[in-house]
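The block underneath contains the structure these notes are about, expressed in structure tokens.
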Amino acid sequence: MANEPDSINLTHHFLIAMPGLEDGLFSKTVVYLCEHSPRGALGLVINKPTDINLRNLFEKVDLPMGRDDLAGTPVLQGGPVQTERGFVLHEAVHAAGQDAGESVYASTMTIPGGLEMTTSKDVLEALATGAGPRKVLVTLGYSAWGEGQLESELAENSWLTVDADPAVIFDTPIEERYARALKLLGLEAWMLSHAAGHA
């Protein structure tokens, strides 16, 4: 196992599930890693839709849906942790005169690569008024790995990793995201065997 100073940092990377990963939720998933440190990792699955869309979600939280462009967008299963909570992955939004590292929304994690992940209701309230970030992905729940857990899954060839491309998150149809993420590595799904080594 690598020492902490040499440890990999996969923040703003995709984890792409290998065919051998048969876990129901994680089978054929793409996870966007919002944070990765020696203490563990936190990410959002970007290609597993739930049966509700943003209009339904806004009704549940008693907010009008002020963005017709987003109303039919499916809410995704972000992972098995805190599945009753919403997580909003979006383009970085800064108010005039604000530092680049400071979001306009409360409870926001700034991710290197120009994205933010917000858990506070104020981002939904902004969307309700027709404002808010232009590009958003909303999940219920998130995925988490404890200290050394992700590194051990990587060593077992459960995941491929690649630098994240926001176009896959925001501009690619959900059902095509797995294939598009693999293409970032120059791979097609048929090339992966259940016993494949590192790509």
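Convention: chains lettered A, B, ... in structure tokens order; per-chain residue numbering from 1; ligands numbered from 1 as shown.
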
Residue list (helix (DSSP H, G or I), DSSP) for segment 33-185 of chain A, as a PyMOL selection string: chain A and resi 54-60+122-128+149-155+166-170+174-183

Keeping only N, CA and C atoms, take the residues you just selected and write them out as an mmCIF file, in the first residue's frame.
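Once written, out_31.cif looks like this:
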data_model
loop_
_atom_site.group_PDB
_atom_site.id
_atom_site.type_symbol
_atom_site.label_atom_id
_atom_site.label_comp_id
_atom_site.auth_asym_id
_atom_site.auth_seq_id
_atom_site.Cartn_x
_atom_site.Cartn_y
_atom_site.Cartn_z
ATOM 1 N N LEU A 54 -37.050 15.696 -11.720
ATOM 2 C CA LEU A 54 -36.879 16.898 -10.901
ATOM 3 C C LEU A 54 -38.210 17.569 -10.573
ATOM 4 N N ARG A 55 -39.180 17.535 -11.500
ATOM 5 C CA ARG A 55 -40.488 18.128 -11.196
ATOM 6 C C ARG A 55 -41.107 17.418 -9.976
ATOM 7 N N ASN A 56 -41.056 16.066 -9.947
ATOM 8 C CA ASN A 56 -41.585 15.304 -8.803
ATOM 9 C C ASN A 56 -40.852 15.667 -7.519
ATOM 10 N N LEU A 57 -39.516 15.783 -7.618
ATOM 11 C CA LEU A 57 -38.716 16.102 -6.438
ATOM 12 C C LEU A 57 -39.089 17.481 -5.892
ATOM 13 N N PHE A 58 -39.241 18.437 -6.776
ATOM 14 C CA PHE A 58 -39.596 19.786 -6.338
ATOM 15 C C PHE A 58 -40.980 19.801 -5.681
ATOM 16 N N GLU A 59 -41.914 18.999 -6.211
ATOM 17 C CA GLU A 59 -43.233 18.894 -5.570
ATOM 18 C C GLU A 59 -43.094 18.350 -4.157
ATOM 19 N N LYS A 60 -42.222 17.354 -3.993
ATOM 20 C CA LYS A 60 -42.037 16.736 -2.663
ATOM 21 C C LYS A 60 -41.481 17.721 -1.643
ATOM 22 N N ASP A 122 -30.819 25.702 -0.668
ATOM 23 C CA ASP A 122 -30.788 26.988 -1.378
ATOM 24 C C ASP A 122 -30.517 26.842 -2.872
ATOM 25 N N VAL A 123 -29.798 25.790 -3.278
ATOM 26 C CA VAL A 123 -29.580 25.601 -4.713
ATOM 27 C C VAL A 123 -30.897 25.218 -5.390
ATOM 28 N N LEU A 124 -31.726 24.411 -4.710
ATOM 29 C CA LEU A 124 -33.041 24.068 -5.260
ATOM 30 C C LEU A 124 -33.943 25.300 -5.301
ATOM 31 N N GLU A 125 -33.838 26.127 -4.267
ATOM 32 C CA GLU A 125 -34.645 27.355 -4.242
ATOM 33 C C GLU A 125 -34.264 28.271 -5.401
ATOM 34 N N ALA A 126 -32.979 28.337 -5.735
ATOM 35 C CA ALA A 126 -32.542 29.137 -6.885
ATOM 36 C C ALA A 126 -33.127 28.572 -8.176
ATOM 37 N N LEU A 127 -33.101 27.246 -8.329
ATOM 38 C CA LEU A 127 -33.681 26.616 -9.522
ATOM 39 C C LEU A 127 -35.188 26.860 -9.584
ATOM 40 N N ALA A 128 -35.838 26.872 -8.423
ATOM 41 C CA ALA A 128 -37.287 27.082 -8.365
ATOM 42 C C ALA A 128 -37.675 28.447 -8.921
ATOM 43 N N GLN A 149 -10.261 1.754 1.480
ATOM 44 C CA GLN A 149 -11.241 0.842 0.867
ATOM 45 C C GLN A 149 -11.253 0.954 -0.662
ATOM 46 N N LEU A 150 -11.254 2.167 -1.171
ATOM 47 C CA LEU A 150 -11.261 2.336 -2.624
ATOM 48 C C LEU A 150 -9.957 1.820 -3.228
ATOM 49 N N GLU A 151 -8.839 2.114 -2.574
ATOM 50 C CA GLU A 151 -7.542 1.638 -3.070
ATOM 51 C C GLU A 151 -7.536 0.113 -3.168
ATOM 52 N N SER A 152 -8.145 -0.541 -2.175
ATOM 53 C CA SER A 152 -8.184 -2.000 -2.206
ATOM 54 C C SER A 152 -9.100 -2.506 -3.324
ATOM 55 N N GLU A 153 -10.224 -1.812 -3.586
ATOM 56 C CA GLU A 153 -11.097 -2.200 -4.700
ATOM 57 C C GLU A 153 -10.400 -1.975 -6.042
ATOM 58 N N LEU A 154 -9.598 -0.906 -6.128
ATOM 59 C CA LEU A 154 -8.833 -0.667 -7.354
ATOM 60 C C LEU A 154 -7.794 -1.773 -7.567
ATOM 61 N N ALA A 155 -7.154 -2.197 -6.482
ATOM 62 C CA ALA A 155 -6.155 -3.267 -6.572
ATOM 63 C C ALA A 155 -6.798 -4.586 -7.008
ATOM 64 N N PRO A 166 -16.865 16.717 -17.717
ATOM 65 C CA PRO A 166 -18.203 17.195 -17.379
ATOM 66 C C PRO A 166 -19.239 16.977 -18.484
ATOM 67 N N ALA A 167 -18.801 16.890 -19.743
ATOM 68 C CA ALA A 167 -19.750 16.644 -20.839
ATOM 69 C C ALA A 167 -20.437 15.285 -20.674
ATOM 70 N N VAL A 168 -19.738 14.311 -20.104
ATOM 71 C CA VAL A 168 -20.356 13.000 -19.872
ATOM 72 C C VAL A 168 -21.443 13.133 -18.797
ATOM 73 N N ILE A 169 -21.197 13.972 -17.798
ATOM 74 C CA ILE A 169 -22.153 14.144 -16.693
ATOM 75 C C ILE A 169 -23.383 14.921 -17.156
ATOM 76 N N PHE A 170 -23.174 16.013 -17.867
ATOM 77 C CA PHE A 170 -24.270 16.954 -18.122
ATOM 78 C C PHE A 170 -24.845 16.901 -19.535
ATOM 79 N N ILE A 174 -28.294 9.562 -20.135
ATOM 80 C CA ILE A 174 -27.920 8.681 -19.016
ATOM 81 C C ILE A 174 -27.498 7.299 -19.498
ATOM 82 N N GLU A 175 -28.268 6.726 -20.439
ATOM 83 C CA GLU A 175 -27.986 5.355 -20.874
ATOM 84 C C GLU A 175 -26.692 5.243 -21.680
ATOM 85 N N GLU A 176 -26.115 6.370 -22.108
ATOM 86 C CA GLU A 176 -24.864 6.336 -22.880
ATOM 87 C C GLU A 176 -23.637 6.689 -22.040
ATOM 88 N N ARG A 177 -23.834 7.041 -20.772
ATOM 89 C CA ARG A 177 -22.708 7.545 -19.963
ATOM 90 C C ARG A 177 -21.647 6.484 -19.695
ATOM 91 N N TYR A 178 -22.048 5.233 -19.486
ATOM 92 C CA TYR A 178 -21.074 4.161 -19.238
ATOM 93 C C TYR A 178 -20.160 4.012 -20.463
ATOM 94 N N ALA A 179 -20.770 3.919 -21.648
ATOM 95 C CA ALA A 179 -19.987 3.748 -22.883
ATOM 96 C C ALA A 179 -19.104 4.976 -23.145
ATOM 97 N N ARG A 180 -19.643 6.180 -22.898
ATOM 98 C CA ARG A 180 -18.863 7.402 -23.133
ATOM 99 C C ARG A 180 -17.682 7.491 -22.169
ATOM 100 N N ALA A 181 -17.893 7.088 -20.910
ATOM 101 C CA ALA A 181 -16.789 7.109 -19.947
ATOM 102 C C ALA A 181 -15.701 6.122 -20.373
ATOM 103 N N LEU A 182 -16.096 4.937 -20.838
ATOM 104 C CA LEU A 182 -15.106 3.963 -21.328
ATOM 105 C C LEU A 182 -14.343 4.519 -22.527
ATOM 106 N N LYS A 183 -15.043 5.241 -23.403
ATOM 107 C CA LYS A 183 -14.391 5.813 -24.592
ATOM 108 C C LYS A 183 -13.279 6.789 -24.202
#

Coordinates-based distance that separates atom CA of His90 of chain A from atom CA of Tyr105 of chain A (Å, one decimal):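 Separating atom CA of Tyr105 of chain A from atom CA of His90 of chain A is a distance of 11.1 Å.
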
Two-atom distance - atom CA of Val93 of chain A, atom CA of Pro173 of chain A (Å):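 It comes out at 23.5 Å.
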
Which of A:Trp190, A:Tyr32, A:Phe87, A:Trp145 sits closest to His12 of chain A [using only C-alpha atoms]: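 Smallest separation from His12 of chain A among the options: A:Tyr32.
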
Nearest residue to Asp163 of chain A from the set A:Asn9, A:Gly79, A:Phe14, A:Ala92 (distances using only C-alpha atoms):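 The shortest atom-to-atom distance to Asp163 of chain A comes from A:Phe14.
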
Selected residue, from A:Gly20, A:Pro49, A:Val75, A:Pro133, that lies nearest to Ser103 of chain A when counting only C-alpha atoms: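 With only C-alpha atoms as the atom set, the closest residue is A:Pro133.
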
Atom CA of Asp171 of chain A to atom CA of Asp51 of chain A, straight-line distance in Å: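 Going from atom CA of Asp51 of chain A over to atom CA of Asp171 of chain A covers 20.2 Å.
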